[in-house]
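Coordinates as given in input-v2.cif (mmCIF, C-alpha atoms):
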data_data
loop_
_atom_site.group_PDB
_atom_site.id
_atom_site.type_symbol
_atom_site.label_atom_id
_atom_site.label_comp_id
_atom_site.auth_asym_id
_atom_site.auth_seq_id
_atom_site.Cartn_x
_atom_site.Cartn_y
_atom_site.Cartn_z
ATOM 1 C CA MET A 1 0.000 0.000 0.000
ATOM 2 C CA PRO A 2 1.431 3.427 -0.815
ATOM 3 C CA GLU A 3 2.764 5.475 2.072
ATOM 4 C CA ILE A 4 2.877 9.256 1.593
ATOM 5 C CA GLU A 5 5.256 10.789 4.074
ATOM 6 C CA ARG A 6 7.379 13.897 4.598
ATOM 7 C CA LYS A 7 10.433 13.935 6.824
ATOM 8 C CA PHE A 8 12.193 16.833 8.551
ATOM 9 C CA ARG A 9 15.070 17.621 10.832
ATOM 10 C CA VAL A 10 14.090 18.828 14.307
ATOM 11 C CA ALA A 11 14.927 22.463 15.108
ATOM 12 C CA HIS A 12 14.038 21.961 18.756
ATOM 13 C CA VAL A 13 12.407 19.082 20.595
ATOM 14 C CA PRO A 14 8.981 20.182 21.880
ATOM 15 C CA THR A 15 8.395 20.147 25.645
ATOM 16 C CA GLY A 16 5.822 17.943 27.375
ATOM 17 C CA LEU A 17 6.633 14.717 25.548
ATOM 18 C CA GLY A 18 5.571 11.512 27.309
ATOM 19 C CA ASP A 19 7.664 8.362 27.591
ATOM 20 C CA GLY A 20 7.275 7.455 23.945
ATOM 21 C CA THR A 21 7.820 3.962 22.566
ATOM 22 C CA ALA A 22 11.253 2.346 22.430
ATOM 23 C CA LEU A 23 11.752 0.788 19.000
ATOM 24 C CA ARG A 24 14.572 -1.262 17.612
ATOM 25 C CA GLN A 25 14.851 -2.132 13.977
ATOM 26 C CA ALA A 26 17.257 -3.988 11.734
ATOM 27 C CA TYR A 27 17.772 -4.079 7.963
ATOM 28 C CA VAL A 28 17.681 -7.639 6.667
ATOM 29 C CA ALA A 29 18.424 -6.714 3.049
ATOM 30 C CA VAL A 30 18.372 -3.541 0.995
ATOM 31 C CA GLU A 31 18.526 -3.707 -2.789
ATOM 32 C CA GLY A 32 18.044 -0.641 -4.971
ATOM 33 C CA ASP A 33 15.091 1.185 -3.450
ATOM 34 C CA VAL A 34 13.636 -1.952 -1.827
ATOM 35 C CA GLU A 35 14.253 -2.272 1.929
ATOM 36 C CA VAL A 36 13.379 -5.256 4.101
ATOM 37 C CA ARG A 37 13.290 -4.326 7.765
ATOM 38 C CA VAL A 38 12.210 -5.907 11.051
ATOM 39 C CA ARG A 39 11.047 -3.729 13.930
ATOM 40 C CA SER A 40 10.016 -4.440 17.515
ATOM 41 C CA ASP A 41 8.539 -2.351 20.323
ATOM 42 C CA GLY A 42 9.266 -5.226 22.723
ATOM 43 C CA THR A 43 5.754 -6.656 22.327
ATOM 44 C CA HIS A 44 4.846 -6.467 18.661
ATOM 45 C CA HIS A 45 7.226 -7.472 15.897
ATOM 46 C CA VAL A 46 6.760 -6.616 12.248
ATOM 47 C CA LEU A 47 8.577 -7.227 8.995
ATOM 48 C CA THR A 48 8.199 -4.269 6.641
ATOM 49 C CA VAL A 49 9.150 -4.060 2.996
ATOM 50 C CA LYS A 50 9.324 -0.617 1.408
ATOM 51 C CA GLY A 51 9.861 0.158 -2.255
ATOM 52 C CA GLY A 52 10.290 3.369 -4.213
ATOM 53 C CA ALA A 53 11.828 6.622 -3.014
ATOM 54 C CA GLY A 54 10.787 10.132 -2.051
ATOM 55 C CA LEU A 55 7.379 11.387 -0.943
ATOM 56 C CA GLU A 56 5.371 8.309 -1.903
ATOM 57 C CA ARG A 57 6.630 4.800 -1.192
ATOM 58 C CA ASP A 58 5.071 1.345 -1.365
ATOM 59 C CA GLU A 59 4.919 -0.417 1.965
ATOM 60 C CA VAL A 60 3.957 -3.969 2.922
ATOM 61 C CA GLU A 61 3.799 -5.033 6.571
ATOM 62 C CA VAL A 62 3.794 -8.621 7.818
ATOM 63 C CA ALA A 63 3.297 -9.483 11.513
ATOM 64 C CA ILE A 64 5.976 -11.874 12.794
ATOM 65 C CA ASP A 65 6.387 -13.716 16.086
ATOM 66 C CA THR A 66 9.236 -13.381 18.572
ATOM 67 C CA ALA A 67 11.215 -16.359 17.235
ATOM 68 C CA GLU A 68 10.987 -15.054 13.659
ATOM 69 C CA PHE A 69 12.041 -11.595 14.855
ATOM 70 C CA VAL A 70 15.074 -12.965 16.704
ATOM 71 C CA ASP A 71 16.195 -15.059 13.714
ATOM 72 C CA LEU A 72 15.742 -12.190 11.244
ATOM 73 C CA TRP A 73 17.516 -9.736 13.570
ATOM 74 C CA ARG A 74 20.505 -12.070 13.585
ATOM 75 C CA LEU A 75 20.547 -12.307 9.760
ATOM 76 C CA ALA A 76 20.695 -8.488 9.606
ATOM 77 C CA GLY A 77 24.101 -8.534 11.329
ATOM 78 C CA ASP A 78 25.061 -5.070 12.621
ATOM 79 C CA ARG A 79 22.653 -3.129 10.394
ATOM 80 C CA HIS A 80 20.355 -2.054 13.233
ATOM 81 C CA LEU A 81 19.348 1.024 15.225
ATOM 82 C CA GLU A 82 17.357 2.036 18.307
ATOM 83 C CA LYS A 83 15.151 5.040 18.831
ATOM 84 C CA THR A 84 12.288 6.316 20.971
ATOM 85 C CA ARG A 85 9.219 7.359 19.022
ATOM 86 C CA HIS A 86 6.945 10.117 20.285
ATOM 87 C CA ARG A 87 3.598 10.805 18.645
ATOM 88 C CA VAL A 88 2.787 14.498 18.580
ATOM 89 C CA ASP A 89 -0.650 15.756 17.514
ATOM 90 C CA LEU A 90 -0.486 18.621 15.066
ATOM 91 C CA ASP A 91 -3.462 20.268 13.468
ATOM 92 C CA GLY A 92 -5.293 17.233 12.026
ATOM 93 C CA VAL A 93 -2.190 15.066 11.476
ATOM 94 C CA THR A 94 0.166 13.147 13.741
ATOM 95 C CA ALA A 95 3.903 13.748 13.725
ATOM 96 C CA GLU A 96 6.212 10.887 14.650
ATOM 97 C CA LEU A 97 9.238 12.327 16.407
ATOM 98 C CA ASP A 98 12.130 9.869 16.584
ATOM 99 C CA LEU A 99 14.907 10.435 19.110
ATOM 100 C CA TYR A 100 17.738 8.074 18.259
ATOM 101 C CA ALA A 101 19.776 6.171 20.836
ATOM 102 C CA GLY A 102 22.942 4.074 20.930
ATOM 103 C CA ALA A 103 25.476 5.003 18.250
ATOM 104 C CA LEU A 104 23.019 7.615 16.865
ATOM 105 C CA ALA A 105 22.269 9.308 20.224
ATOM 106 C CA GLY A 106 21.529 13.019 19.778
ATOM 107 C CA LEU A 107 19.975 12.613 16.346
ATOM 108 C CA ALA A 108 16.294 13.588 15.985
ATOM 109 C CA VAL A 109 13.997 13.296 12.967
ATOM 110 C CA VAL A 110 10.275 13.920 12.545
ATOM 111 C CA GLU A 111 7.960 12.328 9.984
ATOM 112 C CA VAL A 112 4.356 13.051 9.063
ATOM 113 C CA GLU A 113 2.180 10.648 7.074
ATOM 114 C CA PHE A 114 -0.613 11.937 4.859
ATOM 115 C CA ALA A 115 -3.693 10.503 3.174
ATOM 116 C CA SER A 116 -2.907 12.116 -0.198
ATOM 117 C CA ARG A 117 -0.179 13.964 -2.092
ATOM 118 C CA GLN A 118 -2.346 17.094 -2.014
ATOM 119 C CA GLU A 119 -2.523 16.954 1.770
ATOM 120 C CA ALA A 120 1.239 16.329 1.938
ATOM 121 C CA GLU A 121 2.003 19.298 -0.302
ATOM 122 C CA ALA A 122 -0.358 21.592 1.629
ATOM 123 C CA PHE A 123 1.235 20.745 4.995
ATOM 124 C CA ASP A 124 2.618 23.752 6.865
ATOM 125 C CA PRO A 125 5.371 22.551 9.257
ATOM 126 C CA PRO A 126 5.299 23.980 12.813
ATOM 127 C CA ASP A 127 8.193 26.069 14.159
ATOM 128 C CA TRP A 128 9.948 23.175 15.835
ATOM 129 C CA PHE A 129 10.466 21.392 12.499
ATOM 130 C CA GLY A 130 13.811 21.986 10.759
ATOM 131 C CA ALA A 131 15.001 21.463 7.174
ATOM 132 C CA GLU A 132 13.102 18.959 5.056
ATOM 133 C CA LEU A 133 14.700 15.523 4.578
ATOM 134 C CA THR A 134 12.071 13.799 2.393
ATOM 135 C CA GLY A 135 13.981 11.556 -0.017
ATOM 136 C CA ALA A 136 17.408 12.471 1.433
ATOM 137 C CA ALA A 137 19.245 9.175 0.971
ATOM 138 C CA GLY A 138 21.742 9.545 3.842
ATOM 139 C CA TRP A 139 18.915 10.184 6.292
ATOM 140 C CA SER A 140 16.921 7.031 5.559
ATOM 141 C CA ASN A 141 16.800 4.678 8.527
ATOM 142 C CA ALA A 142 18.438 2.030 6.350
ATOM 143 C CA ALA A 143 21.389 4.391 5.771
ATOM 144 C CA LEU A 144 21.544 5.491 9.425
ATOM 145 C CA ALA A 145 21.632 1.834 10.541
ATOM 146 C CA ARG A 146 24.476 1.104 8.134
ATOM 147 C CA HIS A 147 26.571 4.259 8.009
ATOM 148 C CA GLY A 148 25.675 6.138 11.190
ATOM 149 C CA ALA A 149 24.828 9.847 11.289
ATOM 150 C CA PRO A 150 25.207 11.673 7.939
ATOM 151 C CA PRO A 151 28.020 14.244 7.548
ATOM 152 C CA ASP A 152 25.469 17.102 7.610
ATOM 153 C CA ALA A 153 23.876 15.943 10.886
ATOM 154 C CA MET B 1 17.152 -22.405 11.432
ATOM 155 C CA PRO B 2 20.109 -23.853 9.563
ATOM 156 C CA GLU B 3 19.362 -25.605 6.308
ATOM 157 C CA ILE B 4 21.906 -28.210 5.128
ATOM 158 C CA GLU B 5 21.471 -28.837 1.451
ATOM 159 C CA ARG B 6 23.381 -30.136 -1.563
ATOM 160 C CA LYS B 7 22.477 -29.190 -5.117
ATOM 161 C CA PHE B 8 23.249 -30.941 -8.399
ATOM 162 C CA ARG B 9 22.667 -30.700 -12.109
ATOM 163 C CA VAL B 10 20.405 -33.353 -13.607
ATOM 164 C CA ALA B 11 22.078 -35.865 -15.960
ATOM 165 C CA HIS B 12 18.698 -37.250 -16.990
ATOM 166 C CA VAL B 13 15.195 -36.682 -15.661
ATOM 167 C CA PRO B 14 13.914 -39.920 -14.055
ATOM 168 C CA THR B 15 10.808 -41.535 -15.554
ATOM 169 C CA GLY B 16 7.535 -41.972 -13.662
ATOM 170 C CA LEU B 17 7.334 -38.467 -12.201
ATOM 171 C CA GLY B 18 3.867 -37.315 -11.176
ATOM 172 C CA ASP B 19 2.405 -33.868 -11.814
ATOM 173 C CA GLY B 20 4.628 -32.134 -9.278
ATOM 174 C CA THR B 21 3.854 -28.772 -7.772
ATOM 175 C CA ALA B 22 3.964 -25.559 -9.797
ATOM 176 C CA LEU B 23 5.877 -22.915 -7.848
ATOM 177 C CA ARG B 24 6.545 -19.302 -8.592
ATOM 178 C CA GLN B 25 8.961 -17.250 -6.599
ATOM 179 C CA ALA B 26 10.304 -13.693 -6.662
ATOM 180 C CA TYR B 27 13.310 -12.024 -5.064
ATOM 181 C CA VAL B 28 12.286 -8.959 -3.074
ATOM 182 C CA ALA B 29 15.826 -7.977 -2.096
ATOM 183 C CA VAL B 30 19.235 -9.640 -2.105
ATOM 184 C CA GLU B 31 22.124 -8.102 -0.199
ATOM 185 C CA GLY B 32 25.434 -9.909 0.242
ATOM 186 C CA ASP B 33 24.497 -13.478 1.108
ATOM 187 C CA VAL B 34 21.060 -12.530 2.489
ATOM 188 C CA GLU B 35 18.120 -13.256 0.181
ATOM 189 C CA VAL B 36 14.505 -12.292 0.766
ATOM 190 C CA ARG B 37 12.143 -14.318 -1.386
ATOM 191 C CA VAL B 38 8.410 -14.908 -1.703
ATOM 192 C CA ARG B 39 7.079 -18.196 -3.059
ATOM 193 C CA SER B 40 3.618 -19.496 -3.877
ATOM 194 C CA ASP B 41 2.224 -22.873 -4.922
ATOM 195 C CA GLY B 42 -1.087 -21.157 -5.720
ATOM 196 C CA THR B 43 -2.521 -21.962 -2.271
ATOM 197 C CA HIS B 44 0.208 -21.338 0.281
ATOM 198 C CA HIS B 45 2.422 -18.282 0.213
ATOM 199 C CA VAL B 46 5.634 -17.904 2.159
ATOM 200 C CA LEU B 47 8.298 -15.279 2.658
ATOM 201 C CA THR B 48 11.712 -16.868 3.130
ATOM 202 C CA VAL B 49 14.924 -15.198 4.223
ATOM 203 C CA LYS B 50 18.163 -17.109 3.686
ATOM 204 C CA GLY B 51 21.590 -16.109 4.925
ATOM 205 C CA GLY B 52 25.058 -17.564 4.482
ATOM 206 C CA ALA B 53 26.388 -19.520 1.505
ATOM 207 C CA GLY B 54 27.345 -23.076 0.576
ATOM 208 C CA LEU B 55 26.276 -26.341 2.214
ATOM 209 C CA GLU B 56 24.735 -24.848 5.360
ATOM 210 C CA ARG B 57 22.534 -21.762 5.241
ATOM 211 C CA ASP B 58 20.310 -20.032 7.760
ATOM 212 C CA GLU B 59 16.667 -19.970 6.768
ATOM 213 C CA VAL B 60 13.657 -18.206 8.280
ATOM 214 C CA GLU B 61 10.156 -18.789 6.867
ATOM 215 C CA VAL B 62 7.153 -16.551 7.485
ATOM 216 C CA ALA B 63 3.648 -17.489 6.248
ATOM 217 C CA ILE B 64 2.002 -14.631 4.338
ATOM 218 C CA ASP B 65 -1.493 -14.172 2.946
ATOM 219 C CA THR B 66 -2.487 -13.665 -0.679
ATOM 220 C CA ALA B 67 -2.616 -9.859 -0.477
ATOM 221 C CA GLU B 68 0.856 -9.711 1.099
ATOM 222 C CA PHE B 69 2.162 -12.105 -1.559
ATOM 223 C CA VAL B 70 0.743 -10.005 -4.395
ATOM 224 C CA ASP B 71 2.178 -6.763 -2.972
ATOM 225 C CA LEU B 72 5.617 -8.289 -2.350
ATOM 226 C CA TRP B 73 5.666 -9.914 -5.799
ATOM 227 C CA ARG B 74 5.120 -6.481 -7.320
ATOM 228 C CA LEU B 75 7.968 -4.953 -5.282
ATOM 229 C CA ALA B 76 10.313 -7.653 -6.649
ATOM 230 C CA GLY B 77 9.843 -6.267 -10.174
ATOM 231 C CA ASP B 78 11.053 -8.747 -12.810
ATOM 232 C CA ARG B 79 13.254 -10.793 -10.462
ATOM 233 C CA HIS B 80 11.054 -13.882 -10.542
ATOM 234 C CA LEU B 81 10.970 -17.444 -11.871
ATOM 235 C CA GLU B 82 8.626 -20.406 -12.273
ATOM 236 C CA LYS B 83 9.320 -24.095 -11.901
ATOM 237 C CA THR B 84 7.629 -27.401 -11.234
ATOM 238 C CA ARG B 85 8.923 -29.251 -8.211
ATOM 239 C CA HIS B 86 8.912 -33.043 -8.081
ATOM 240 C CA ARG B 87 9.672 -34.875 -4.854
ATOM 241 C CA VAL B 88 11.616 -38.074 -5.499
ATOM 242 C CA ASP B 89 12.250 -40.589 -2.708
ATOM 243 C CA LEU B 90 15.821 -41.785 -2.582
ATOM 244 C CA ASP B 91 17.233 -44.158 -0.006
ATOM 245 C CA GLY B 92 16.136 -42.423 3.223
ATOM 246 C CA VAL B 93 16.157 -38.867 1.857
ATOM 247 C CA THR B 94 13.933 -36.879 -0.473
ATOM 248 C CA ALA B 95 15.283 -35.186 -3.573
ATOM 249 C CA GLU B 96 13.538 -32.062 -4.846
ATOM 250 C CA LEU B 97 13.791 -32.024 -8.615
ATOM 251 C CA ASP B 98 13.017 -28.606 -10.089
ATOM 252 C CA LEU B 99 12.112 -28.328 -13.766
ATOM 253 C CA TYR B 100 12.183 -24.656 -14.687
ATOM 254 C CA ALA B 101 9.627 -22.979 -16.933
ATOM 255 C CA GLY B 102 9.209 -19.639 -18.703
ATOM 256 C CA ALA B 103 12.492 -17.962 -19.615
ATOM 257 C CA LEU B 104 14.406 -20.815 -17.918
ATOM 258 C CA ALA B 105 12.549 -23.673 -19.669
ATOM 259 C CA GLY B 106 14.799 -26.699 -20.170
ATOM 260 C CA LEU B 107 16.847 -26.101 -17.035
ATOM 261 C CA ALA B 108 16.698 -28.793 -14.329
ATOM 262 C CA VAL B 109 18.271 -28.837 -10.875
ATOM 263 C CA VAL B 110 17.971 -31.274 -7.979
ATOM 264 C CA GLU B 111 18.441 -30.518 -4.281
ATOM 265 C CA VAL B 112 18.625 -32.777 -1.245
ATOM 266 C CA GLU B 113 18.224 -31.538 2.316
ATOM 267 C CA PHE B 114 19.961 -33.314 5.193
ATOM 268 C CA ALA B 115 19.642 -33.423 8.977
ATOM 269 C CA SER B 116 23.390 -33.005 9.551
ATOM 270 C CA ARG B 117 26.640 -32.161 7.767
ATOM 271 C CA GLN B 118 27.793 -35.768 8.307
ATOM 272 C CA GLU B 119 24.706 -37.070 6.517
ATOM 273 C CA ALA B 120 25.233 -34.518 3.734
ATOM 274 C CA GLU B 121 28.849 -35.518 3.249
ATOM 275 C CA ALA B 122 28.029 -39.248 3.263
ATOM 276 C CA PHE B 123 25.352 -38.864 0.575
ATOM 277 C CA ASP B 124 25.951 -40.968 -2.541
ATOM 278 C CA PRO B 125 24.145 -39.348 -5.488
ATOM 279 C CA PRO B 126 22.177 -41.676 -7.803
ATOM 280 C CA ASP B 127 23.078 -42.055 -11.497
ATOM 281 C CA TRP B 128 20.572 -39.470 -12.699
ATOM 282 C CA PHE B 129 22.316 -36.694 -10.742
ATOM 283 C CA GLY B 130 24.896 -34.626 -12.651
ATOM 284 C CA ALA B 131 27.695 -32.309 -11.503
ATOM 285 C CA GLU B 132 27.424 -30.799 -8.039
ATOM 286 C CA LEU B 133 26.268 -27.171 -7.831
ATOM 287 C CA THR B 134 26.302 -26.625 -4.036
ATOM 288 C CA GLY B 135 27.401 -23.019 -3.474
ATOM 289 C CA ALA B 136 27.709 -22.264 -7.224
ATOM 290 C CA ALA B 137 26.680 -18.599 -7.258
ATOM 291 C CA GLY B 138 25.318 -18.440 -10.815
ATOM 292 C CA TRP B 139 23.020 -21.396 -10.113
ATOM 293 C CA SER B 140 21.274 -19.924 -7.081
ATOM 294 C CA ASN B 141 17.598 -19.280 -7.700
ATOM 295 C CA ALA B 142 18.232 -15.615 -6.909
ATOM 296 C CA ALA B 143 20.798 -15.484 -9.718
ATOM 297 C CA LEU B 144 18.616 -17.482 -12.136
ATOM 298 C CA ALA B 145 15.698 -15.102 -11.485
ATOM 299 C CA ARG B 146 17.910 -12.107 -12.178
ATOM 300 C CA HIS B 147 20.348 -13.199 -14.874
ATOM 301 C CA GLY B 148 18.689 -16.221 -16.505
ATOM 302 C CA ALA B 149 20.483 -19.488 -17.212
ATOM 303 C CA PRO B 150 24.223 -19.476 -16.408
ATOM 304 C CA PRO B 151 26.745 -19.650 -19.294
ATOM 305 C CA ASP B 152 27.644 -23.260 -18.338
ATOM 306 C CA ALA B 153 24.001 -24.452 -18.415
#
Mind converting the file's structure to structure tokens?
Amino acid sequence: MPEIERKFRVAHVPTGLGDGTALRQAYVAVEGDVEVRVRSDGTHHVLTVKGGAGLERDEVEVAIDTAEFVDLWRLAGDRHLEKTRHRVDLDGVTAELDLYAGALAGLAVVEVEFASRQEAEAFDPPDWFGAELTGAAGWSNAALARHGAPPDA
Amino acid sequence: MPEIERKFRVAHVPTGLGDGTALRQAYVAVEGDVEVRVRSDGTHHVLTVKGGAGLERDEVEVAIDTAEFVDLWRLAGDRHLEKTRHRVDLDGVTAELDLYAGALAGLAVVEVEFASRQEAEAFDPPDWFGAELTGAAGWSNAALARHGAPPDA
């Protein structure tokens, strides 16, 4: 199913965030613009395949059990990352603010998903959003997991 | 889970084969020695991730539904193949004889899976088996799906 999403740097982290959700994810295989990822919040595990690049990407999600997650995590080797995700309500949409941990500690990125390209293009980012990163290859989670923080971070 | 398997060319196709099972499979992403594949026999659909190379490979299988299969097949683009699989009982083990179709029509490969490396090494191939292909990169299904029949076919 297509996923229409814009991604931004974070100019400043908003106050009043809750605990958020600790996520860890690993890249099983990336080929061209197809990424195969596993992610866990400690309770639910999912295998996600994304294709395409930029604003609109195809995404397929498959629920997996703990044993499958553990085995797939191992196959991904060291291509993994950890972050805490905070959901922030904006005017009619939800921003997902990711604060990275581990080797990427200090890095923050925010993403907003939209129902249509029109809605995505009409979106007016709040003050705490920074420069747009939609489609910026070095800032994909697959690249962050593999290469660490980009030079312009 | 580790998969211990040897693979051979087919010197001649044995007589008395039944209908076999028509399989189609597509490669979603291949990176290094990690392959992510979907396969369908028309009824059951599975996503398989394999890692490692040669006699012993890691393998994780995840059952997927028809909609997931269709979406993942599309993401694989043209990296797909079709074959008919025949199961042939040998002395205590089962050989899987694959007769390829479509662009690979005429190609035949046989694989045998073992419970241990010792059993794999002790295996005495029957007369209808040809040269061994275990670990031969150009003969992997991922390579056949992508590049077609190898030059030595």
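Using the PyMOL selection byres ((chain A and resi 138-147) around 6) on this structure selects A:Arg79, A:His80, A:Leu81, A:Ala136, A:Ala137, A:Gly148, A:Ala149, A:Pro150.
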Chain A post-superposition (all in-order Cα pairs with chain B) as a short mmCIF file (atom, residue, chain, number, x, y, z; two decimals) with C-alpha atoms, in the coordinates of the input:
data_model
loop_
_atom_site.label_atom_id
_atom_site.label_comp_id
_atom_site.auth_asym_id
_atom_site.auth_seq_id
_atom_site.Cartn_x
_atom_site.Cartn_y
_atom_site.Cartn_z
CA MET A 1 17.14 -22.41 11.46
CA PRO A 2 20.10 -23.86 9.56
CA GLU A 3 19.36 -25.63 6.30
CA ILE A 4 21.91 -28.21 5.13
CA GLU A 5 21.48 -28.86 1.44
CA ARG A 6 23.40 -30.14 -1.58
CA LYS A 7 22.49 -29.20 -5.12
CA PHE A 8 23.25 -30.95 -8.41
CA ARG A 9 22.68 -30.69 -12.11
CA VAL A 10 20.40 -33.36 -13.59
CA ALA A 11 22.06 -35.86 -15.94
CA HIS A 12 18.70 -37.27 -16.97
CA VAL A 13 15.20 -36.70 -15.64
CA PRO A 14 13.92 -39.92 -14.04
CA THR A 15 10.81 -41.54 -15.53
CA GLY A 16 7.53 -41.97 -13.65
CA LEU A 17 7.33 -38.47 -12.19
CA GLY A 18 3.86 -37.31 -11.15
CA ASP A 19 2.41 -33.87 -11.82
CA GLY A 20 4.63 -32.14 -9.30
CA THR A 21 3.87 -28.76 -7.77
CA ALA A 22 3.96 -25.55 -9.80
CA LEU A 23 5.88 -22.91 -7.85
CA ARG A 24 6.55 -19.29 -8.60
CA GLN A 25 8.96 -17.22 -6.62
CA ALA A 26 10.29 -13.69 -6.66
CA TYR A 27 13.31 -12.01 -5.07
CA VAL A 28 12.28 -8.96 -3.07
CA ALA A 29 15.82 -7.97 -2.09
CA VAL A 30 19.21 -9.64 -2.10
CA GLU A 31 22.11 -8.11 -0.19
CA GLY A 32 25.42 -9.91 0.24
CA ASP A 33 24.49 -13.48 1.10
CA VAL A 34 21.06 -12.54 2.49
CA GLU A 35 18.11 -13.26 0.17
CA VAL A 36 14.49 -12.30 0.77
CA ARG A 37 12.14 -14.32 -1.39
CA VAL A 38 8.40 -14.90 -1.71
CA ARG A 39 7.08 -18.19 -3.07
CA SER A 40 3.61 -19.49 -3.88
CA ASP A 41 2.22 -22.87 -4.93
CA GLY A 42 -1.09 -21.15 -5.74
CA THR A 43 -2.52 -21.95 -2.29
CA HIS A 44 0.20 -21.33 0.25
CA HIS A 45 2.41 -18.27 0.20
CA VAL A 46 5.62 -17.90 2.16
CA LEU A 47 8.29 -15.27 2.65
CA THR A 48 11.71 -16.87 3.13
CA VAL A 49 14.92 -15.21 4.21
CA LYS A 50 18.16 -17.12 3.69
CA GLY A 51 21.59 -16.12 4.91
CA GLY A 52 25.06 -17.58 4.46
CA ALA A 53 26.38 -19.54 1.49
CA GLY A 54 27.34 -23.08 0.56
CA LEU A 55 26.29 -26.34 2.19
CA GLU A 56 24.76 -24.86 5.34
CA ARG A 57 22.55 -21.78 5.23
CA ASP A 58 20.31 -20.04 7.75
CA GLU A 59 16.67 -19.98 6.76
CA VAL A 60 13.65 -18.22 8.26
CA GLU A 61 10.16 -18.79 6.86
CA VAL A 62 7.15 -16.56 7.48
CA ALA A 63 3.65 -17.49 6.24
CA ILE A 64 2.00 -14.63 4.34
CA ASP A 65 -1.50 -14.17 2.95
CA THR A 66 -2.49 -13.66 -0.68
CA ALA A 67 -2.62 -9.85 -0.47
CA GLU A 68 0.85 -9.70 1.11
CA PHE A 69 2.16 -12.09 -1.55
CA VAL A 70 0.74 -9.98 -4.39
CA ASP A 71 2.18 -6.75 -2.97
CA LEU A 72 5.61 -8.28 -2.34
CA TRP A 73 5.66 -9.90 -5.79
CA ARG A 74 5.12 -6.47 -7.30
CA LEU A 75 7.98 -4.93 -5.26
CA ALA A 76 10.30 -7.64 -6.64
CA GLY A 77 9.83 -6.26 -10.17
CA ASP A 78 11.05 -8.74 -12.81
CA ARG A 79 13.25 -10.78 -10.47
CA HIS A 80 11.04 -13.88 -10.54
CA LEU A 81 10.97 -17.44 -11.88
CA GLU A 82 8.61 -20.40 -12.29
CA LYS A 83 9.33 -24.07 -11.91
CA THR A 84 7.63 -27.40 -11.24
CA ARG A 85 8.93 -29.25 -8.21
CA HIS A 86 8.91 -33.04 -8.07
CA ARG A 87 9.69 -34.89 -4.86
CA VAL A 88 11.62 -38.07 -5.50
CA ASP A 89 12.26 -40.60 -2.71
CA LEU A 90 15.84 -41.79 -2.58
CA ASP A 91 17.23 -44.15 -0.01
CA GLY A 92 16.15 -42.44 3.23
CA VAL A 93 16.17 -38.86 1.87
CA THR A 94 13.94 -36.88 -0.46
CA ALA A 95 15.28 -35.19 -3.57
CA GLU A 96 13.54 -32.07 -4.84
CA LEU A 97 13.79 -32.02 -8.62
CA ASP A 98 13.02 -28.61 -10.09
CA LEU A 99 12.11 -28.32 -13.76
CA TYR A 100 12.18 -24.66 -14.69
CA ALA A 101 9.63 -22.97 -16.94
CA GLY A 102 9.20 -19.64 -18.72
CA ALA A 103 12.49 -17.95 -19.62
CA LEU A 104 14.40 -20.82 -17.91
CA ALA A 105 12.55 -23.67 -19.67
CA GLY A 106 14.81 -26.70 -20.17
CA LEU A 107 16.84 -26.09 -17.03
CA ALA A 108 16.70 -28.79 -14.33
CA VAL A 109 18.28 -28.83 -10.87
CA VAL A 110 17.98 -31.27 -7.97
CA GLU A 111 18.46 -30.52 -4.28
CA VAL A 112 18.64 -32.79 -1.25
CA GLU A 113 18.25 -31.55 2.32
CA PHE A 114 19.97 -33.33 5.19
CA ALA A 115 19.65 -33.44 8.97
CA SER A 116 23.40 -33.01 9.55
CA ARG A 117 26.65 -32.17 7.76
CA GLN A 118 27.79 -35.76 8.30
CA GLU A 119 24.72 -37.08 6.52
CA ALA A 120 25.23 -34.52 3.73
CA GLU A 121 28.86 -35.52 3.25
CA ALA A 122 28.03 -39.24 3.27
CA PHE A 123 25.35 -38.88 0.58
CA ASP A 124 25.97 -40.97 -2.53
CA PRO A 125 24.15 -39.34 -5.49
CA PRO A 126 22.17 -41.69 -7.79
CA ASP A 127 23.07 -42.06 -11.48
CA TRP A 128 20.58 -39.49 -12.70
CA PHE A 129 22.31 -36.70 -10.73
CA GLY A 130 24.89 -34.63 -12.64
CA ALA A 131 27.70 -32.32 -11.51
CA GLU A 132 27.43 -30.80 -8.05
CA LEU A 133 26.27 -27.16 -7.83
CA THR A 134 26.30 -26.62 -4.04
CA GLY A 135 27.41 -23.02 -3.48
CA ALA A 136 27.71 -22.25 -7.22
CA ALA A 137 26.68 -18.59 -7.25
CA GLY A 138 25.31 -18.44 -10.81
CA TRP A 139 23.02 -21.39 -10.12
CA SER A 140 21.27 -19.92 -7.07
CA ASN A 141 17.59 -19.28 -7.70
CA ALA A 142 18.22 -15.61 -6.90
CA ALA A 143 20.79 -15.48 -9.73
CA LEU A 144 18.61 -17.49 -12.14
CA ALA A 145 15.68 -15.10 -11.50
CA ARG A 146 17.90 -12.10 -12.20
CA HIS A 147 20.34 -13.21 -14.88
CA GLY A 148 18.69 -16.23 -16.50
CA ALA A 149 20.50 -19.50 -17.20
CA PRO A 150 24.24 -19.48 -16.39
CA PRO A 151 26.75 -19.65 -19.28
CA ASP A 152 27.65 -23.25 -18.34
CA ALA A 153 24.02 -24.44 -18.40
#
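Among B:Pro126, B:Val62, B:Gly102, B:Glu31, the residue with the shortest atom-to-atom distance to Asp89 (chain B), counting all atoms listed in the file, is B:Pro126.
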- the PyMOL selection byres ((chain A) within 7 of (chain B)) on the file shown: which residues, as a ChimeraX atom specification? /A:29-31,34,51,60,68,71,75
Can you give me, as a tab-separated table (two decimals) with C-alpha atoms, in the frame of the given file, the residues this file yields under the PyMOL selection byres ((chain A and resi 23-25) around 6)?
chain	number	residue	atom	x	y	z
A	22	ALA	CA	11.25	2.35	22.43
A	26	ALA	CA	17.26	-3.99	11.73
A	38	VAL	CA	12.21	-5.91	11.05
A	39	ARG	CA	11.05	-3.73	13.93
A	40	SER	CA	10.02	-4.44	17.52
A	41	ASP	CA	8.54	-2.35	20.32
A	80	HIS	CA	20.36	-2.05	13.23
A	81	LEU	CA	19.35	1.02	15.22
A	82	GLU	CA	17.36	2.04	18.31
A	83	LYS	CA	15.15	5.04	18.83
A	84	THR	CA	12.29	6.32	20.97
